[in-house]
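Text of protein.txt, listed as compact mmCIF, C-alpha atoms:
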# COMPACT_ATOMS: atom_id res chain seq x y z
CA MET A 1 -47.08 10.17 64.52
CA ASP A 2 -43.29 9.81 64.75
CA LYS A 3 -43.62 8.91 68.42
CA GLN A 4 -46.36 6.38 67.65
CA ILE A 5 -44.22 4.73 64.97
CA ARG A 6 -41.17 4.45 67.20
CA ALA A 7 -43.20 3.25 70.17
CA TYR A 8 -44.90 0.63 68.02
CA ILE A 9 -41.60 -0.68 66.64
CA GLU A 10 -40.11 -0.85 70.13
CA GLU A 11 -43.14 -2.61 71.59
CA TYR A 12 -43.58 -5.15 68.80
CA TYR A 13 -40.02 -5.78 67.64
CA GLU A 14 -39.82 -9.14 69.42
CA GLU A 15 -43.18 -10.13 67.95
CA LEU A 16 -41.83 -9.25 64.50
CA LEU A 17 -38.86 -11.55 65.10
CA GLN A 18 -41.15 -14.33 66.25
CA ILE A 19 -43.30 -14.04 63.14
CA LEU A 20 -40.13 -14.36 61.08
CA ARG A 21 -39.06 -17.45 63.01
CA ASP A 22 -42.50 -19.01 62.57
CA LEU A 23 -42.54 -18.36 58.84
CA CYS A 24 -39.02 -19.71 58.37
CA ALA A 25 -40.25 -23.01 59.82
CA ILE A 26 -42.85 -23.33 57.06
CA PRO A 27 -41.46 -24.39 53.65
CA ALA A 28 -43.13 -22.59 50.76
CA PRO A 29 -41.92 -23.46 47.26
CA SER A 30 -43.79 -21.71 44.46
CA HIS A 31 -47.28 -23.20 43.93
CA HIS A 32 -47.17 -24.74 47.43
CA GLU A 33 -47.62 -21.76 49.76
CA GLU A 34 -50.77 -23.10 51.46
CA GLU A 35 -49.28 -23.48 54.94
CA ARG A 36 -47.71 -20.02 54.96
CA ALA A 37 -50.95 -18.58 53.60
CA GLY A 38 -52.80 -20.20 56.48
CA TYR A 39 -50.36 -18.78 59.02
CA CYS A 40 -50.65 -15.26 57.55
CA ARG A 41 -54.44 -15.39 57.56
CA ARG A 42 -54.55 -16.57 61.17
CA TYR A 43 -52.14 -13.84 62.24
CA LEU A 44 -54.18 -11.11 60.54
CA GLU A 45 -57.45 -12.34 61.98
CA GLY A 46 -55.80 -12.71 65.38
CA PHE A 47 -55.44 -8.95 65.83
CA GLY A 48 -58.91 -8.18 64.46
CA ALA A 49 -58.47 -7.91 60.71
CA GLU A 50 -61.80 -8.57 58.98
CA ASP A 51 -62.72 -9.91 55.55
CA VAL A 52 -59.36 -11.66 55.15
CA THR A 53 -59.49 -14.17 52.29
CA VAL A 54 -57.21 -16.68 50.62
CA ASP A 55 -57.91 -16.73 46.89
CA GLU A 56 -57.46 -19.57 44.43
CA ALA A 57 -53.84 -18.53 43.79
CA GLN A 58 -53.08 -18.75 47.55
CA ASN A 59 -52.85 -14.98 47.98
CA VAL A 60 -53.80 -13.80 51.45
CA VAL A 61 -55.77 -10.59 50.89
CA PHE A 62 -56.78 -8.12 53.61
CA PRO A 63 -58.77 -5.11 52.34
CA TRP A 64 -58.63 -2.09 54.64
CA GLY A 65 -61.00 0.73 53.78
CA CYS A 66 -61.44 -0.39 50.17
CA GLU A 67 -65.24 -0.45 50.00
CA GLY A 68 -66.34 1.00 46.66
CA SER A 69 -62.89 2.44 45.95
CA ASP A 70 -61.26 2.54 42.54
CA ALA A 71 -58.07 4.14 43.91
CA ILE A 72 -56.67 1.30 46.02
CA THR A 73 -53.03 1.13 47.05
CA VAL A 74 -51.58 -2.38 47.31
CA PHE A 75 -48.85 -3.34 49.76
CA ALA A 76 -47.52 -6.83 49.07
CA ALA A 77 -44.78 -9.32 49.93
CA HIS A 78 -44.45 -12.78 48.44
CA THR A 79 -44.75 -15.91 50.55
CA ASP A 80 -42.93 -18.33 48.24
CA THR A 81 -39.21 -19.03 48.31
CA VAL A 82 -36.91 -20.04 45.48
CA PHE A 83 -36.12 -23.39 47.13
CA PRO A 84 -38.09 -26.56 46.29
CA ASP A 85 -37.88 -28.00 49.82
CA THR A 86 -41.02 -29.41 51.36
CA GLU A 87 -39.36 -30.02 54.73
CA PRO A 88 -38.50 -27.19 57.15
CA TYR A 89 -35.41 -25.20 56.17
CA PRO A 90 -32.28 -25.37 58.33
CA TYR A 91 -32.45 -22.42 60.72
CA ARG A 92 -30.11 -20.81 63.20
CA GLU A 93 -29.61 -17.42 64.74
CA ASP A 94 -27.17 -15.62 66.97
CA GLU A 95 -27.30 -12.24 68.66
CA GLU A 96 -26.74 -10.40 65.40
CA LYS A 97 -28.10 -12.48 62.54
CA ILE A 98 -30.66 -15.03 61.43
CA TYR A 99 -29.53 -17.68 58.94
CA CYS A 100 -32.09 -19.58 56.86
CA PRO A 101 -32.78 -20.20 53.16
CA GLY A 102 -35.33 -17.59 52.07
CA VAL A 103 -35.11 -15.58 55.29
CA GLY A 104 -34.60 -12.34 53.41
CA ASP A 105 -36.21 -13.16 50.07
CA ASP A 106 -38.92 -12.72 50.97
CA THR A 107 -39.85 -14.07 54.39
CA ALA A 108 -38.70 -11.04 56.39
CA CYS A 109 -40.71 -8.74 54.15
CA VAL A 110 -43.84 -10.84 54.75
CA ALA A 111 -43.31 -10.44 58.50
CA VAL A 112 -42.90 -6.67 58.08
CA LEU A 113 -46.06 -6.50 55.97
CA LEU A 114 -48.08 -8.32 58.64
CA MET A 115 -46.81 -5.94 61.32
CA MET A 116 -47.60 -2.98 59.07
CA ALA A 117 -51.20 -4.14 58.69
CA LYS A 118 -51.48 -4.53 62.46
CA PHE A 119 -50.33 -0.93 62.98
CA PHE A 120 -53.03 0.49 60.72
CA VAL A 121 -55.78 -1.58 62.31
CA MET A 122 -54.58 -0.96 65.89
CA HIS A 123 -54.55 2.81 65.33
CA ASN A 124 -57.67 2.72 63.14
CA ILE A 125 -55.94 4.68 60.37
CA ARG A 126 -58.25 4.65 57.36
CA PRO A 127 -56.23 5.50 54.22
CA ALA A 128 -57.60 7.51 51.33
CA GLY A 129 -58.69 5.07 48.64
CA GLY A 130 -58.05 2.09 50.87
CA PHE A 131 -55.22 -0.40 51.19
CA LEU A 132 -54.92 -4.02 50.16
CA PHE A 133 -52.40 -5.88 52.28
CA VAL A 134 -51.44 -8.94 50.23
CA CYS A 135 -49.20 -11.88 51.10
CA ASN A 136 -48.95 -13.09 47.53
CA SER A 137 -47.85 -16.37 45.97
CA CYS A 138 -45.64 -17.46 43.09
CA GLU A 139 -43.19 -14.61 42.62
CA GLU A 140 -40.12 -16.80 42.28
CA GLY A 141 -38.90 -18.51 39.08
CA LEU A 142 -41.55 -20.54 37.33
CA GLY A 143 -44.18 -19.28 39.73
CA ASN A 144 -44.57 -16.86 36.82
CA LEU A 145 -46.13 -14.14 39.02
CA LYS A 146 -49.30 -16.19 39.35
CA GLY A 147 -50.34 -14.51 42.58
CA THR A 148 -50.04 -10.94 41.32
CA ARG A 149 -51.76 -11.85 38.06
CA GLN A 150 -54.69 -13.19 40.10
CA LEU A 151 -54.80 -10.08 42.27
CA PHE A 152 -54.98 -7.70 39.31
CA ALA A 153 -57.63 -9.84 37.64
CA ASP A 154 -59.78 -9.83 40.78
CA TYR A 155 -59.36 -6.09 41.35
CA ALA A 156 -59.27 -4.99 37.71
CA GLY A 157 -59.75 -1.24 37.34
CA ARG A 158 -59.59 -0.58 41.08
CA ILE A 159 -55.85 -0.44 41.88
CA ARG A 160 -54.16 2.95 41.66
CA GLN A 161 -50.61 1.99 42.69
CA PHE A 162 -48.64 -0.98 43.92
CA VAL A 163 -45.80 -1.36 46.43
CA THR A 164 -44.05 -4.67 47.03
CA PHE A 165 -41.52 -5.30 49.78
CA ASP A 166 -38.91 -7.58 48.26
CA SER A 167 -35.18 -7.05 48.56
CA THR A 168 -32.23 -7.98 50.74
CA SER A 169 -31.26 -4.33 51.11
CA MET A 170 -32.95 -1.03 51.88
CA ARG A 171 -30.26 0.69 49.82
CA GLY A 172 -31.75 -0.30 46.51
CA MET A 173 -35.22 -0.30 45.01
CA VAL A 174 -36.73 -1.46 41.74
CA ASP A 175 -38.95 0.89 39.77
CA ARG A 176 -38.35 -0.39 36.24
CA SER A 177 -39.50 -3.89 35.31
CA VAL A 178 -37.47 -6.46 33.44
CA GLY A 179 -39.67 -8.70 31.31
CA SER A 180 -38.67 -12.21 30.30
CA HIS A 181 -39.67 -15.19 28.18
CA ARG A 182 -38.52 -18.64 29.25
CA TYR A 183 -38.44 -21.79 27.16
CA GLU A 184 -37.89 -25.49 27.42
CA VAL A 185 -36.38 -26.67 24.13
CA THR A 186 -35.99 -30.35 23.26
CA VAL A 187 -34.04 -31.54 20.24
CA ARG A 188 -34.67 -35.07 18.88
CA THR A 189 -32.63 -37.02 16.35
CA GLU A 190 -32.28 -40.58 15.12
CA GLY A 191 -29.36 -41.37 17.44
CA GLY A 192 -27.90 -44.87 17.59
CA HIS A 193 -24.84 -46.86 18.60
CA SER A 194 -21.75 -44.69 18.93
CA PHE A 195 -19.69 -47.01 16.69
CA ASN A 196 -22.12 -48.89 14.44
CA ALA A 197 -24.30 -45.83 13.72
CA PHE A 198 -21.47 -43.31 13.61
CA GLY A 199 -22.46 -40.39 11.41
CA ASN A 200 -26.08 -40.26 12.57
CA ARG A 201 -27.17 -36.90 13.92
CA ASN A 202 -26.55 -36.43 17.63
CA ALA A 203 -29.18 -34.47 19.59
CA ILE A 204 -26.56 -33.10 21.98
CA HIS A 205 -24.53 -31.78 19.05
CA ALA A 206 -27.61 -30.22 17.48
CA LEU A 207 -28.58 -28.61 20.78
CA ALA A 208 -25.03 -27.34 21.25
CA GLU A 209 -25.20 -25.69 17.83
CA LEU A 210 -28.44 -24.04 18.85
CA VAL A 211 -26.87 -22.81 22.09
CA SER A 212 -23.96 -21.40 20.10
CA SER A 213 -26.36 -19.54 17.81
CA ILE A 214 -28.07 -18.00 20.85
CA TYR A 215 -24.74 -16.80 22.19
CA ALA A 216 -23.95 -15.20 18.85
CA ILE A 217 -26.94 -12.85 19.17
CA GLU A 218 -26.14 -9.16 19.37
CA VAL A 219 -28.70 -7.82 21.82
CA PRO A 220 -30.91 -4.93 20.74
CA HIS A 221 -30.92 -1.54 22.48
CA ASP A 222 -33.64 0.99 23.16
CA GLY A 223 -32.25 4.10 24.81
CA ASP A 224 -30.67 3.08 28.12
CA SER A 225 -32.38 -0.31 28.16
CA LYS A 226 -30.66 -3.56 29.04
CA THR A 227 -31.32 -6.89 27.30
CA THR A 228 -29.81 -10.27 28.18
CA TYR A 229 -30.11 -13.97 27.36
CA ASN A 230 -29.10 -17.15 29.13
CA VAL A 231 -29.06 -20.94 28.80
CA GLY A 232 -29.43 -22.15 32.37
CA ASP A 233 -29.80 -25.94 32.16
CA ILE A 234 -28.91 -28.70 29.69
CA HIS A 235 -29.55 -32.41 30.01
CA GLY A 236 -30.04 -35.39 27.73
CA GLY A 237 -28.42 -38.40 26.13
CA THR A 238 -28.29 -42.02 27.29
CA SER A 239 -24.70 -43.18 27.76
CA VAL A 240 -21.15 -42.55 26.64
CA ASN A 241 -21.50 -45.11 23.84
CA THR A 242 -24.88 -43.89 22.55
CA ILE A 243 -25.46 -41.20 19.97
CA ALA A 244 -27.98 -39.07 21.83
CA GLN A 245 -31.56 -39.19 20.56
CA SER A 246 -32.75 -36.25 22.67
CA ALA A 247 -31.38 -33.31 24.60
CA THR A 248 -33.15 -30.49 26.40
CA MET A 249 -32.27 -27.00 27.56
CA LEU A 250 -33.92 -24.24 29.56
CA CYS A 251 -33.25 -20.78 28.19
CA GLU A 252 -34.53 -17.25 28.55
CA TYR A 253 -34.09 -13.68 27.44
CA ARG A 254 -34.84 -10.56 29.46
CA SER A 255 -35.26 -6.85 28.82
CA ASP A 256 -36.60 -3.76 30.51
CA SER A 257 -37.73 -2.53 27.07
CA LEU A 258 -40.94 -3.83 25.53
CA ALA A 259 -39.54 -3.21 22.03
CA CYS A 260 -36.36 -5.16 22.77
CA LEU A 261 -38.30 -7.99 24.39
CA SER A 262 -40.39 -8.29 21.23
CA GLU A 263 -37.28 -8.23 19.03
CA MET A 264 -35.67 -11.00 21.09
CA GLU A 265 -38.83 -13.06 20.75
CA ASP A 266 -38.52 -12.82 16.96
CA ARG A 267 -34.82 -13.69 17.01
CA PHE A 268 -35.28 -16.75 19.22
CA ALA A 269 -38.20 -17.93 17.08
CA ALA A 270 -35.99 -17.64 13.98
CA LEU A 271 -33.19 -19.64 15.64
CA PHE A 272 -35.58 -22.37 16.73
CA ALA A 273 -37.00 -22.60 13.22
CA ALA A 274 -33.55 -22.68 11.63
CA ALA A 275 -32.51 -25.60 13.84
CA GLN A 276 -35.42 -27.69 12.58
CA SER A 277 -34.78 -30.09 9.66
CA ASP A 278 -35.77 -33.49 8.31
CA GLU A 279 -33.15 -35.05 10.61
CA VAL A 280 -33.66 -32.78 13.64
CA ALA A 281 -36.95 -32.17 15.41
CA VAL A 282 -37.12 -29.12 17.69
CA GLU A 283 -39.88 -28.90 20.29
CA VAL A 284 -40.31 -25.53 21.98
CA THR A 285 -42.48 -24.88 25.03
CA ARG A 286 -42.77 -21.46 26.63
CA ILE A 287 -42.67 -22.15 30.36
CA GLY A 288 -42.60 -18.62 31.70
CA GLU A 289 -43.52 -15.11 30.67
CA ARG A 290 -43.04 -11.91 32.62
CA PRO A 291 -44.14 -8.69 30.97
CA CYS A 292 -42.38 -5.34 31.25
CA ALA A 293 -43.89 -1.88 31.30
CA GLY A 294 -46.51 -0.91 28.77
CA GLY A 295 -48.42 2.38 28.60
CA LEU A 296 -47.05 3.55 31.94
CA ASP A 297 -47.52 7.26 32.75
CA PRO A 298 -43.97 8.41 33.54
CA THR A 299 -45.21 11.29 35.69
CA ARG A 300 -47.22 9.06 38.00
CA GLN A 301 -44.43 6.46 38.15
CA THR A 302 -41.85 9.10 38.98
CA ALA A 303 -44.05 10.50 41.73
CA LEU A 304 -44.36 7.08 43.38
CA SER A 305 -40.65 6.33 42.94
CA ASP A 306 -39.67 9.69 44.41
CA LEU A 307 -41.95 9.23 47.40
CA ALA A 308 -40.55 5.76 48.08
CA ALA A 309 -36.95 6.95 47.72
CA ASP A 310 -37.55 9.96 49.97
CA THR A 311 -39.16 7.74 52.60
CA VAL A 312 -36.21 5.34 52.61
CA ALA A 313 -33.74 8.24 52.74
CA ALA A 314 -35.55 9.78 55.71
CA VAL A 315 -35.17 6.52 57.66
CA ILE A 316 -31.68 5.27 56.76
CA GLY A 317 -30.02 8.57 55.82
CA GLU A 318 -29.34 7.80 52.16
CA ALA A 319 -31.41 7.55 49.03
CA PRO A 320 -31.70 4.05 47.56
CA ALA A 321 -30.29 3.27 44.14
CA ARG A 322 -33.01 2.88 41.50
CA ASN A 323 -32.69 -0.33 39.52
CA SER A 324 -34.35 -2.50 36.92
CA GLY A 325 -35.52 -5.90 38.10
CA SER A 326 -37.97 -8.76 37.73
CA THR A 327 -40.47 -8.56 40.60
CA ASP A 328 -44.19 -8.55 41.24
CA CYS A 329 -44.10 -4.98 39.86
CA ASN A 330 -43.97 -6.47 36.36
CA ILE A 331 -47.72 -7.09 36.33
CA PRO A 332 -48.91 -3.61 37.33
CA HIS A 333 -46.27 -2.00 35.12
CA SER A 334 -47.51 -4.02 32.15
CA LEU A 335 -51.01 -2.67 32.89
CA GLY A 336 -49.83 0.93 33.08
CA ILE A 337 -50.09 1.09 36.89
CA PRO A 338 -47.28 2.72 38.90
CA ALA A 339 -45.35 0.26 41.05
CA VAL A 340 -42.19 0.11 43.11
CA CYS A 341 -40.25 -2.60 44.97
CA VAL A 342 -38.69 -1.55 48.28
CA GLY A 343 -36.46 -3.41 50.73
CA THR A 344 -37.20 -3.71 54.45
CA MET A 345 -34.04 -5.39 55.78
CA GLU A 346 -30.32 -5.83 55.27
CA GLY A 347 -28.76 -9.20 54.61
CA GLY A 348 -26.94 -11.32 52.09
CA GLY A 349 -26.81 -14.56 50.14
CA PRO A 350 -30.22 -14.34 48.45
CA HIS A 351 -31.13 -17.47 46.45
CA THR A 352 -28.48 -19.47 48.28
CA ARG A 353 -28.79 -21.80 51.24
CA GLU A 354 -26.45 -19.54 53.17
CA GLU A 355 -28.91 -16.63 53.16
CA TRP A 356 -28.92 -14.40 56.26
CA LEU A 357 -30.11 -11.06 57.62
CA TYR A 358 -29.27 -8.57 60.35
CA LYS A 359 -32.03 -8.76 62.94
CA GLU A 360 -31.73 -5.10 63.91
CA SER A 361 -32.26 -4.05 60.29
CA LEU A 362 -35.91 -5.01 60.66
CA ARG A 363 -36.45 -1.94 62.85
CA PRO A 364 -35.72 0.61 60.09
CA GLY A 365 -37.35 -1.76 57.60
CA LEU A 366 -40.65 -1.66 59.49
CA GLU A 367 -40.31 2.10 59.89
CA ILE A 368 -39.95 2.47 56.12
CA ALA A 369 -43.10 0.41 55.57
CA LEU A 370 -45.12 2.40 58.12
CA ARG A 371 -43.98 5.80 56.87
CA LEU A 372 -44.61 4.85 53.26
CA GLY A 373 -48.09 3.61 54.18
CA LEU A 374 -48.89 6.83 56.03
CA ALA A 375 -47.62 8.94 53.13
CA LEU A 376 -49.58 7.04 50.49
CA GLY A 377 -52.62 6.80 52.72
CA THR A 378 -52.98 10.58 52.84
CA ALA A 379 -52.08 11.28 49.18
CA ARG A 380 -54.94 11.86 46.76

Kindly transcribe the structure held in the file into structure tokens.
Amino acid sequence: MDKQIRAYIEEYYEELLQILRDLCAIPAPSHHEEERAGYCRRYLEGFGAEDVTVDEAQNVVFPWGCEGSDAITVFAAHTDTVFPDTEPYPYREDEEKIYCPGVGDDTACVAVLLMMAKFFVMHNIRPAGGFLFVCNSCEEGLGNLKGTRQLFADYAGRIRQFVTFDSTSMRGMVDRSVGSHRYEVTVRTEGGHSFNAFGNRNAIHALAELVSSIYAIEVPHDGDSKTTYNVGDIHGGTSVNTIAQSATMLCEYRSDSLACLSEMEDRFAALFAAAQSDEVAVEVTRIGERPCAGGLDPTRQTALSDLAADTVAAVIGEAPARNSGSTDCNIPHSLGIPAVCVGTMEGGGPHTREEWLYKESLRPGLEIALRLGLALGTAR
């Protein structure tokens, strides 16, 4: 099989690059992945994939040998990018690199996933338990993992393990999920003229006090867990000579411990309540929620993590670092299903408009995907 893998990569490397170029030309902000979904479906059907569907969340789902199985392995990569653009992204490439917003996160991984599916169909390799190849939607930001939530609702009780390709490096992988709660908080006060109504409560001041109280929190700990908080956006007010009537912030907290996540929820709720008064109205809307692991069998998770790490090490010559992160793995982990996030390329500048990747890194990236699929397809 080693010869087949290497021959396949050599024969279809240029096709892999062309898929990546095609996808980069299709903007795909979260909740608006329709065009990329259409491209992925057409590509899959073009080499003979059957029963390919696009669900209501804009996931492209290709079941391979899944009939009647309750031990399905999912291989996924997300089609959305972090950028809100609805026009094609600026793109350029040279002999060594491709430069484009979202090229690594996660467009290259989608291209690798499509080529992986083609390999299994072309060689008619029927995996034990069956595979779902999924180009999923809404992984980024306020996409809130909509695509993966839909997938696990549609295949409830049938998925045994989950692998997502999503990283700008093969030298790191995520096998511990960071949960988060995200809020939009608006503070409203009487406001008024900055001179004539001086002394009235100012919404910006009240919001600033609330921000200060958040940054006075001492984060909880649960073993080797990590918990964080952040205020990422503030806006409001009317003019320099107006006492602000309203001000709004976006804030979040994160943790890879379910206990700490729950404790932070209580602390934030207490701060929001304390900021409320007869003179200050506080409106809180939860705009995002990502769960972390719950009821996960550590033995099964370790087995999947070890297999993924060994596969990467066999290809690139070093074991990847194991990290906590917020990925599509959050959903299966919260359901007690083993999951791991693996990289299939090398690049830099993720979540910036200067993002880039090494073209040649896609060769070992595709090899990792193929070897991991073959390993999991024979495991029982």

Calculate how many Å separate atom CA of Thr311 of chain A from atom CA of Ala369 of chain A, rounding to one decimal.
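Going from atom CA of Thr311 of chain A over to atom CA of Ala369 of chain A, I get 8.8 Å.
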
Which residue gives the smallest distance to Ser180 of chain A among A:His123, A:Arg149, A:Arg254, A:Lys118, with all atoms listed in the file counted?
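Of A:His123, A:Arg149, A:Arg254, A:Lys118, the one nearest Ser180 of chain A is A:Arg254, counting all atoms listed in the file.
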
Kindly provide, as AutoDock Vina command-line options, the centre and edge lengths (Å, one decimal) of an axis-aligned box around all atoms of segment 230-242 of chain A given in the file, with 4 Å on each side.
--center_x -25.6 --center_y -31.1 --center_z 27.5 --size_x 16.9 --size_y 36.0 --size_z 17.8

Grab the atom CA of Ala108 of chain A to atom CA of Asp2 of chain A distance for me, in Å with one decimal place.
22.9 Å

Restricting the calculation to all atoms listed in the file, which member of A:Ser361, A:Met122, A:Val211, A:Ser69 is positioned closest to Tyr8 of chain A?
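Nearest to Tyr8 of chain A: A:Met122.
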
Can you list every residue of segment 101-211 of chain A that has an atom at most 8 Å from segment 338-346 of chain A, with its nearest atom pair and the distance in Å to one decimal, using all atoms listed in the file, ordered by chain then number, as JSON lines?
{"residue": "A:Gly104", "atom": "CA", "partner": "A:Met345", "partner_atom": "CA", "distance": 7.4}
{"residue": "A:Ala108", "atom": "CA", "partner": "A:Met345", "partner_atom": "CA", "distance": 7.3}
{"residue": "A:Cys109", "atom": "CA", "partner": "A:Thr344", "partner_atom": "CA", "distance": 6.1}
{"residue": "A:Val112", "atom": "CA", "partner": "A:Thr344", "partner_atom": "CA", "distance": 7.4}
{"residue": "A:Arg160", "atom": "CA", "partner": "A:Pro338", "partner_atom": "CA", "distance": 7.4}
{"residue": "A:Gln161", "atom": "CA", "partner": "A:Pro338", "partner_atom": "CA", "distance": 5.1}
{"residue": "A:Phe162", "atom": "CA", "partner": "A:Ala339", "partner_atom": "CA", "distance": 4.5}
{"residue": "A:Val163", "atom": "CA", "partner": "A:Val340", "partner_atom": "CA", "distance": 5.1}
{"residue": "A:Thr164", "atom": "CA", "partner": "A:Cys341", "partner_atom": "CA", "distance": 4.8}
{"residue": "A:Phe165", "atom": "CA", "partner": "A:Val342", "partner_atom": "CA", "distance": 4.9}
{"residue": "A:Asp166", "atom": "CA", "partner": "A:Gly343", "partner_atom": "CA", "distance": 5.4}
{"residue": "A:Ser167", "atom": "CA", "partner": "A:Gly343", "partner_atom": "CA", "distance": 4.4}
{"residue": "A:Thr168", "atom": "CA", "partner": "A:Glu346", "partner_atom": "CA", "distance": 5.4}
{"residue": "A:Ser169", "atom": "CA", "partner": "A:Glu346", "partner_atom": "CA", "distance": 4.5}
{"residue": "A:Met170", "atom": "CA", "partner": "A:Gly343", "partner_atom": "CA", "distance": 4.4}
{"residue": "A:Arg171", "atom": "CA", "partner": "A:Gly343", "partner_atom": "CA", "distance": 7.5}
{"residue": "A:Gly172", "atom": "CA", "partner": "A:Gly343", "partner_atom": "CA", "distance": 7.0}
{"residue": "A:Met173", "atom": "CA", "partner": "A:Val342", "partner_atom": "CA", "distance": 4.9}
{"residue": "A:Val174", "atom": "CA", "partner": "A:Cys341", "partner_atom": "CA", "distance": 4.9}
{"residue": "A:Asp175", "atom": "CA", "partner": "A:Val340", "partner_atom": "CA", "distance": 4.7}
{"residue": "A:Arg176", "atom": "CA", "partner": "A:Val340", "partner_atom": "CA", "distance": 7.9}

Write out, as a CSV table (one decimal), in the coordinates of the input, the residues just selected, with C-alpha atoms.
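What follows is the written file result11.csv:
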chain,number,residue,atom,x,y,z
A,104,GLY,CA,-34.6,-12.3,53.4
A,108,ALA,CA,-38.7,-11.0,56.4
A,109,CYS,CA,-40.7,-8.7,54.2
A,112,VAL,CA,-42.9,-6.7,58.1
A,160,ARG,CA,-54.2,3.0,41.7
A,161,GLN,CA,-50.6,2.0,42.7
A,162,PHE,CA,-48.6,-1.0,43.9
A,163,VAL,CA,-45.8,-1.4,46.4
A,164,THR,CA,-44.0,-4.7,47.0
A,165,PHE,CA,-41.5,-5.3,49.8
A,166,ASP,CA,-38.9,-7.6,48.3
A,167,SER,CA,-35.2,-7.0,48.6
A,168,THR,CA,-32.2,-8.0,50.7
A,169,SER,CA,-31.3,-4.3,51.1
A,170,MET,CA,-33.0,-1.0,51.9
A,171,ARG,CA,-30.3,0.7,49.8
A,172,GLY,CA,-31.8,-0.3,46.5
A,173,MET,CA,-35.2,-0.3,45.0
A,174,VAL,CA,-36.7,-1.5,41.7
A,175,ASP,CA,-39.0,0.9,39.8
A,176,ARG,CA,-38.4,-0.4,36.2

Do a neighbour search on Asp55 of chain A at 10 Å with all atoms listed in the file, toss out local chain neighbours closer than 5 positions, and write the hits as a VMD selection string.
chain A and resid 37 60 to 61 136 147 150 to 151 154

A:Asp51, A:Asp80, A:Glu15, A:Glu218 ranked by distance to Arg267 of chain A, top pick (using all atoms listed in the file):
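The answer is A:Glu218, which sits nearest to Arg267 of chain A.
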
For Ala244 of chain A, find every residue with an atom within 8 Å (counting all atoms listed in the file), except residues of its own chain fewer than 4 positions away, and show them as a list in words.
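So the residues in contact are Thr189, Gly191, Gly192, Asn202, Ala203, Ile204, Gly236, Gly237, Thr238 and Ser239 of chain A.
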
So which residues fall inside 7 Å of (-45.1, -20.7, 59.7) if we count only C-alpha atoms? Mind giving them as a list in words?
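Within the cut-off we find Asp22, Leu23, Cys24, Ala25, Ile26, Glu35, Arg36 and Tyr39 of chain A.
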
Can you tell me how far atom CA of Asn144 of chain A sits from atom CA of Gln276 of chain A, in Å to one decimal?
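Atom CA of Gln276 of chain A lies 28.1 Å from atom CA of Asn144 of chain A.
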
Spatial neighbours of Trp64 of chain A, 8 Å, only C-alpha atoms, chain gap at least 2 places, as an mmCIF file with C-alpha atoms, in the frame of the given file:
data_model
loop_
_atom_site.group_PDB
_atom_site.id
_atom_site.type_symbol
_atom_site.label_atom_id
_atom_site.label_comp_id
_atom_site.auth_asym_id
_atom_site.auth_seq_id
_atom_site.Cartn_x
_atom_site.Cartn_y
_atom_site.Cartn_z
ATOM 1 C CA PHE A 62 -56.780 -8.120 53.610
ATOM 2 C CA CYS A 66 -61.440 -0.390 50.170
ATOM 3 C CA ARG A 126 -58.250 4.650 57.360
ATOM 4 C CA PRO A 127 -56.230 5.500 54.220
ATOM 5 C CA GLY A 130 -58.050 2.090 50.870
ATOM 6 C CA PHE A 131 -55.220 -0.400 51.190
ATOM 7 C CA LEU A 132 -54.920 -4.020 50.160
ATOM 8 C CA PHE A 133 -52.400 -5.880 52.280
#

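Within 12 Å of Tyr229 of chain A, once only C-alpha atoms are used and residues closer than 6 positions along the same chain are dropped, the contacting residues are Gly179, Ser180, His181, Arg182, Tyr183, Val211, Ser213, Ile214, Tyr215, Ala216, Ile217, Glu218, Val219, Pro220, Leu250, Cys251, Glu252, Tyr253, Arg254, Ser255, Cys260, Leu261, Met264, Glu265, Arg267 and Phe268 of chain A.
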
Find the residues near Leu335 of chain A: any atom within 10 Å, counting all atoms listed in the file, skip ones fewer than 2 places away on the same chain, and give them as number ranges by chain.
A: 152, 156-157, 291-296, 330-333, 337-338

Nearest-residue call for Cys135 of chain A, choices A:Ala117, A:Leu362, A:Cys40, A:Ala206, using all atoms listed in the file
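For Cys135 of chain A, the nearest of the given residues is A:Cys40.
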